file start-v4.cif (mmCIF, C-alpha atoms and all ligand atoms)
data_target
#
loop_
_atom_site.label_atom_id
_atom_site.label_comp_id
_atom_site.auth_asym_id
_atom_site.auth_seq_id
_atom_site.Cartn_x
_atom_site.Cartn_y
_atom_site.Cartn_z
CA MET F 1 0.00 0.00 0.00
CA GLY F 2 1.27 3.46 -0.74
CA TRP F 3 0.89 6.70 -2.60
CA GLN F 4 0.91 7.19 -6.31
CA VAL F 5 0.43 10.36 -8.28
CA MET F 6 -1.90 9.78 -11.21
CA ARG F 7 -2.06 11.98 -14.30
CA VAL F 8 -5.75 12.30 -14.98
CA PRO F 9 -7.89 14.84 -16.86
CA VAL F 10 -8.06 18.18 -15.04
CA ASP F 11 -11.86 17.83 -14.82
CA PHE F 12 -11.75 14.16 -13.74
CA SER F 13 -14.47 13.65 -11.14
CA TRP F 14 -14.16 10.20 -9.55
CA PRO F 15 -15.21 10.55 -5.87
CA ILE F 16 -12.43 10.80 -3.30
CA ASP F 17 -11.98 7.63 -1.21
CA LYS F 18 -14.09 5.46 -3.53
CA SER F 19 -12.19 2.48 -4.94
CA TRP F 20 -11.66 2.68 -8.68
CA PHE F 21 -14.31 0.47 -10.34
CA GLY F 22 -11.88 -0.62 -13.03
CA ASP F 23 -10.03 -2.79 -10.50
CA GLU F 24 -13.06 -4.75 -9.40
CA LEU F 25 -14.38 -6.37 -12.54
CA PRO F 26 -15.13 -10.08 -12.51
CA PRO F 27 -12.78 -12.23 -14.62
CA ILE F 28 -13.97 -13.52 -17.99
CA ARG F 29 -13.47 -16.99 -19.42
CA CYS F 30 -10.51 -17.27 -21.77
CA GLU F 31 -12.00 -18.25 -25.13
CA LEU F 32 -8.60 -18.93 -26.66
CA CYS F 33 -8.22 -22.10 -24.57
CA ASN F 34 -11.93 -22.65 -23.82
CA GLY F 35 -11.20 -21.98 -20.18
CA SER F 36 -8.84 -24.96 -19.90
CA GLY F 37 -5.69 -22.93 -19.44
CA MET F 38 -3.88 -25.18 -21.94
CA LYS F 39 -3.18 -24.65 -25.61
CA ARG F 40 -5.68 -25.99 -28.14
CA SER F 41 -4.05 -28.45 -30.50
CA ASP F 42 -4.26 -31.96 -31.88
CA ASP F 43 -0.59 -32.35 -31.07
CA PRO F 44 -0.29 -33.63 -27.44
CA ALA F 45 3.09 -31.90 -27.03
CA ILE F 46 1.57 -28.50 -27.85
CA ARG F 47 -1.59 -29.26 -25.89
CA ALA F 48 0.51 -29.72 -22.75
CA ALA F 49 1.65 -26.12 -22.89
CA GLU F 50 -0.01 -23.24 -21.06
CA CYS F 51 -2.31 -20.92 -22.91
CA GLU F 52 -0.26 -17.80 -23.54
CA LEU F 53 -3.20 -15.42 -23.21
CA CYS F 54 -4.44 -16.41 -19.77
CA GLU F 55 -1.12 -17.91 -18.62
CA GLY F 56 -2.78 -21.18 -17.72
CA GLN F 57 -5.53 -19.59 -15.59
CA GLY F 58 -8.41 -20.32 -17.95
CA GLU F 59 -9.77 -16.88 -17.16
CA ILE F 60 -8.62 -13.33 -17.65
CA PHE F 61 -8.78 -10.52 -15.11
CA LEU F 62 -9.75 -7.27 -16.71
CA ASN F 63 -8.98 -3.86 -15.41
CA ILE F 64 -9.84 -0.48 -16.77
CA PRO F 65 -7.10 2.09 -16.28
CA LEU F 66 -7.79 5.66 -15.24
CA PRO F 67 -8.24 8.07 -18.14
CA LYS F 68 -5.06 10.03 -18.81
CA GLY F 69 -4.77 13.80 -18.80
CA ASP F 70 -2.78 16.83 -17.71
CA GLY F 71 -4.05 16.93 -14.12
CA TRP F 72 -2.25 15.78 -10.98
CA GLN F 73 -4.03 13.71 -8.34
CA MET F 74 -2.74 11.70 -5.39
CA TRP F 75 -4.06 8.15 -5.08
CA GLU F 76 -3.75 5.75 -2.23
CA THR F 77 -2.92 2.53 -3.98
CA THR F 78 -3.80 -0.93 -2.79
CA SER F 79 -2.91 -4.03 -4.79
CA ALA F 80 -4.30 -2.15 -7.78
CA THR F 81 -5.30 1.41 -8.62
CA GLY F 82 -6.87 2.11 -5.24
CA SER F 83 -8.75 5.31 -4.45
CA ALA F 84 -8.24 9.03 -4.92
CA SER F 85 -6.96 10.92 -1.90
CA SER F 86 -6.94 14.46 -3.22
CA PRO F 87 -8.74 16.70 -5.68
CA VAL F 88 -7.20 17.04 -9.16
CA PHE F 89 -4.77 19.95 -9.56
CA ALA F 90 -3.27 21.59 -12.61
CA THR F 91 0.30 21.57 -11.29
CA PRO F 92 2.52 19.42 -9.02
CA GLU F 93 3.08 22.47 -6.79
CA GLU F 94 -0.66 22.93 -6.14
CA LEU F 95 -1.05 19.24 -5.33
CA ALA F 96 1.95 19.28 -2.96
CA ARG F 97 0.57 22.39 -1.26
CA TRP F 98 -2.84 20.80 -0.75
CA LEU F 99 -1.34 17.57 0.58
CA SER F 100 0.96 19.32 3.03
CA ASP F 101 -1.82 21.68 4.18
CA SER F 102 -4.63 19.15 4.59
CA SER F 103 -5.45 18.68 8.20
CA GLY F 104 -6.67 15.55 9.91
CA SER F 105 -9.96 17.01 11.04
CA GLU F 106 -11.98 14.05 9.78
CA VAL F 107 -10.31 11.62 12.12
CA GLU F 108 -9.44 13.83 15.04
CA GLY F 109 -9.71 12.07 18.33
CA LYS F 110 -9.03 8.62 16.93
CA THR F 111 -6.25 6.77 18.61
CA LEU F 112 -5.10 3.90 16.47
CA SER F 113 -1.98 1.93 17.17
CA ILE F 114 0.82 1.17 14.76
CA VAL F 115 -0.64 -2.36 14.51
CA ASP F 116 -3.84 -0.87 13.12
CA LEU F 117 -1.79 1.05 10.61
CA LEU F 118 0.14 -1.97 9.43
CA THR F 119 -2.91 -4.17 9.15
CA GLY F 120 -4.67 -1.48 7.13
CA GLU F 121 -7.33 -0.98 9.79
CA SER F 122 -7.81 2.61 8.79
CA SER F 123 -6.53 4.04 5.57
CA ARG F 124 -8.05 7.36 6.62
CA PHE F 125 -5.72 7.46 9.56
CA ILE F 126 -2.71 6.72 7.41
CA GLN F 127 -3.74 9.51 5.11
CA TRP F 128 -4.12 11.86 8.03
CA CYS F 129 -0.86 10.79 9.55
CA THR F 130 1.06 11.17 6.31
CA SER F 131 -0.54 14.45 5.45
CA GLU F 132 0.23 15.78 8.87
CA THR F 133 3.87 14.91 8.82
CA ALA F 134 5.12 15.38 5.26
CA SER F 135 6.10 18.88 4.24
CA TYR F 136 5.40 20.70 1.00
CA GLU F 137 9.00 20.11 -0.09
CA GLN F 138 8.80 16.38 0.70
CA TRP F 139 5.52 15.92 -1.18
CA LEU F 140 6.77 17.93 -4.16
CA ALA F 141 10.01 15.92 -4.36
CA VAL F 142 8.02 12.67 -4.45
CA ILE F 143 5.50 14.02 -6.98
CA ASN F 144 8.24 15.25 -9.29
CA ASP F 145 10.12 11.96 -9.04
CA ASP F 146 8.08 8.88 -10.03
CA GLY F 147 5.16 9.99 -7.87
CA TYR F 148 5.25 6.90 -5.65
CA ALA F 149 5.89 6.49 -1.95
CA CYS F 150 4.99 3.61 0.36
CA SER F 151 2.79 4.28 3.38
CA PHE F 152 5.42 3.66 6.02
CA VAL F 153 9.11 2.88 6.13
CA ASP F 154 10.63 0.89 8.98
CA THR F 155 13.82 2.76 9.92
CA LYS F 156 16.23 2.39 12.82
CA ASP F 157 14.38 5.27 14.45
CA GLY F 158 11.00 3.57 14.09
CA PHE F 159 8.22 3.90 11.54
CA VAL F 160 8.42 6.97 9.34
CA PRO F 161 5.77 8.08 6.83
CA GLY F 162 6.94 6.97 3.40
CA VAL F 163 6.49 10.38 1.81
CA GLN F 164 8.63 12.01 4.46
CA HIS F 165 11.35 9.38 4.11
CA LYS F 166 11.50 9.33 0.33
CA GLY F 167 11.08 13.09 0.07
CA ASP F 168 14.09 13.68 2.31
CA GLU F 169 16.18 11.19 0.32
CA LEU F 170 15.27 12.88 -2.95
CA ILE F 171 15.97 16.34 -1.56
CA ALA F 172 19.36 15.18 -0.24
CA ARG F 173 20.23 13.56 -3.57
CA LYS F 174 19.35 16.72 -5.44
CA CYS F 175 21.61 18.76 -3.17
CA ASP F 176 24.45 16.27 -3.63
CA SER F 177 24.25 16.44 -7.39
CA THR F 178 24.15 20.22 -7.54
CA PRO F 179 27.34 21.42 -9.25
CA SER F 180 29.50 23.34 -6.84
CA VAL F 181 29.76 26.53 -8.81
CA GLU F 182 29.50 29.95 -7.34
CA ILE F 183 26.52 31.87 -8.61
CA SER F 184 27.27 35.53 -8.91
CA ALA F 185 24.46 37.94 -8.28
ZN ZN F 201 -6.46 -19.24 -22.07
#
call {"tool": "encode", "arguments": {"input": "start-v4.cif", "output": "structure tokens", "more": "lines below"}}
Ligand SMILES: [Zn+2]
result
Amino acid sequence: MGWQVMRVPVDFSWPIDKSWFGDELPPIRCELCNGSGMKRSDDPAIRAAECELCEGQGEIFLNIPLPKGDGWQMWETTSATGSASSPVFATPEELARWLSDSSGSEVEGKTLSIVDLLTGESSRFIQWCTSETASYEQWLAVINDDGYACSFVDTKDGFVPGVQHKGDELIARKCDSTPSVEISA
């Protein structure tokens, strides 16, 4: 589970926190192998091989990807696309600002343990926790990289929100790679 920036249309309107329907479609029978999972052939040697389309499953799992566009939206991913965790913004900076500014008002007063977090008891709490503790700079670094961060990282100092951890690493790397030239005013 983690965070993934999705590039969706600026006017994309899938509800926040609702799982993407394209992940939840029932599988269909593979007609190439008649659902057997094995190749169709009169030759027993070929017939013993797995169907290349369904990889021997006899059925195919369909998913519908999000529509692509110029907008920026943070998603909380599960094993698949997951659910949207922010509105859609026109720029990475606006998204990072919203994420770093969003407060945890919806879950105030909840006291969940780290066990709850790791077992996925409350994704809302993880969202709150991450939003609370990652800065604008950390979010922006992650968004401008590949847009992905895991929910939590287990460090020697304990559990750290993934955005915070990866953001700091990216910021440090950027500083390291900056050429050491003096910039004259
Ligand atoms: Zn098949």
call {"tool": "closest_residue", "arguments": {"input": "start-v4.cif", "among": "F:Ser36, F:Thr155, F:Asn63, F:Ser100", "to": "ligand ZN 201 (chain F)", "atoms": "only C-alpha atoms and all ligand atoms"}}
result
F:Ser36
call {"tool": "atom_distance", "arguments": {"input": "start-v4.cif", "atom1": "atom CA of Arg7 of chain F", "atom2": "atom CA of Glu93 of chain F"}}
result
13.9 Å
call {"tool": "closest_atom_pairs", "arguments": {"input": "start-v4.cif", "of": "chain F", "to": "ligand ZN 201 (chain F)", "cutoff": "7 Å", "atoms": "only C-alpha atoms and all ligand atoms", "output": "CSV"}}
result
residue,atom,partner,partner_atom,distance
F:Cys30,CA,F:ZN201,ZN,4.5
F:Glu31,CA,F:ZN201,ZN,6.4
F:Leu32,CA,F:ZN201,ZN,5.1
F:Cys33,CA,F:ZN201,ZN,4.2
F:Asn34,CA,F:ZN201,ZN,6.7
F:Gly35,CA,F:ZN201,ZN,5.8
F:Ser36,CA,F:ZN201,ZN,6.6
F:Gly37,CA,F:ZN201,ZN,4.6
F:Met38,CA,F:ZN201,ZN,6.5
F:Cys51,CA,F:ZN201,ZN,4.6
F:Glu52,CA,F:ZN201,ZN,6.5
F:Leu53,CA,F:ZN201,ZN,5.1
F:Cys54,CA,F:ZN201,ZN,4.2
F:Glu55,CA,F:ZN201,ZN,6.5
F:Gly56,CA,F:ZN201,ZN,6.0
F:Gln57,CA,F:ZN201,ZN,6.6
F:Gly58,CA,F:ZN201,ZN,4.7
F:Glu59,CA,F:ZN201,ZN,6.4
call {"tool": "residues_around", "arguments": {"input": "start-v4.cif", "residues": "Pro161 of chain F", "least_positions_apart": "4", "cutoff": "7 Å", "atoms": "only C-alpha atoms", "output": "list in words"}}
result
Thr130, Ser151, Phe152, Val153 and His165 of chain F
call {"tool": "closest_residue", "arguments": {"input": "start-v4.cif", "among": "F:Lys174, F:Trp72, F:Ser83, F:Ile28", "to": "Ile143 of chain F", "atoms": "all atoms listed in the file"}}
result
F:Trp72
call {"tool": "closest_residue", "arguments": {"input": "start-v4.cif", "among": "F:Asp154, F:Asp23, F:Asp42, F:Asp70", "to": "Asp11 of chain F", "atoms": "all atoms listed in the file"}}
result
F:Asp70
call {"tool": "atom_distance", "arguments": {"input": "start-v4.cif", "atom1": "atom CA of Ala149 of chain F", "atom2": "atom CA of Lys68 of chain F"}}
result
20.4 Å
call {"tool": "closest_residue", "arguments": {"input": "start-v4.cif", "among": "F:Arg40, F:Leu25, F:Phe89, F:Ser79", "to": "Ile64 of chain F", "atoms": "only C-alpha atoms"}}
result
F:Leu25
call {"tool": "closest_residue", "arguments": {"input": "start-v4.cif", "among": "F:Tyr136, F:Phe159, F:Trp75, F:Phe61", "to": "Lys18 of chain F", "atoms": "all atoms listed in the file"}}
result
F:Trp75
call {"tool": "atom_distance", "arguments": {"input": "start-v4.cif", "atom1": "atom CA of Glu137 of chain F", "atom2": "atom CA of Glu169 of chain F"}}
result
11.5 Å
call {"tool": "closest_residue", "arguments": {"input": "start-v4.cif", "among": "F:Ala49, F:Val88, F:Asp145, F:Asp101", "to": "Gln73 of chain F", "atoms": "all atoms listed in the file"}}
result
F:Val88
call {"tool": "residues_around", "arguments": {"input": "start-v4.cif", "residues": "Val5 of chain F", "least_positions_apart": "4", "cutoff": "10 Å", "atoms": "only C-alpha atoms", "output": "PDB file with C-alpha atoms, in the coordinates of the input"}}
result
ATOM      1  CA  GLY F  71      -4.050  16.930 -14.120  1.00  0.00           C
ATOM      2  CA  TRP F  72      -2.250  15.780 -10.980  1.00  0.00           C
ATOM      3  CA  GLN F  73      -4.030  13.710  -8.340  1.00  0.00           C
ATOM      4  CA  MET F  74      -2.740  11.700  -5.390  1.00  0.00           C
ATOM      5  CA  TRP F  75      -4.060   8.150  -5.080  1.00  0.00           C
ATOM      6  CA  GLU F  76      -3.750   5.750  -2.230  1.00  0.00           C
ATOM      7  CA  THR F  77      -2.920   2.530  -3.980  1.00  0.00           C
ATOM      8  CA  ALA F  84      -8.240   9.030  -4.920  1.00  0.00           C
ATOM      9  CA  SER F  85      -6.960  10.920  -1.900  1.00  0.00           C
ATOM     10  CA  SER F  86      -6.940  14.460  -3.220  1.00  0.00           C
ATOM     11  CA  PRO F  92       2.520  19.420  -9.020  1.00  0.00           C
ATOM     12  CA  LEU F  95      -1.050  19.240  -5.330  1.00  0.00           C
ATOM     13  CA  VAL F 142       8.020  12.670  -4.450  1.00  0.00           C
ATOM     14  CA  ILE F 143       5.500  14.020  -6.980  1.00  0.00           C
ATOM     15  CA  ASN F 144       8.240  15.250  -9.290  1.00  0.00           C
ATOM     16  CA  ASP F 145      10.120  11.960  -9.040  1.00  0.00           C
ATOM     17  CA  ASP F 146       8.080   8.880 -10.030  1.00  0.00           C
ATOM     18  CA  GLY F 147       5.160   9.990  -7.870  1.00  0.00           C
ATOM     19  CA  TYR F 148       5.250   6.900  -5.650  1.00  0.00           C
ATOM     20  CA  ALA F 149       5.890   6.490  -1.950  1.00  0.00           C
TER      21      ALA F 149
END
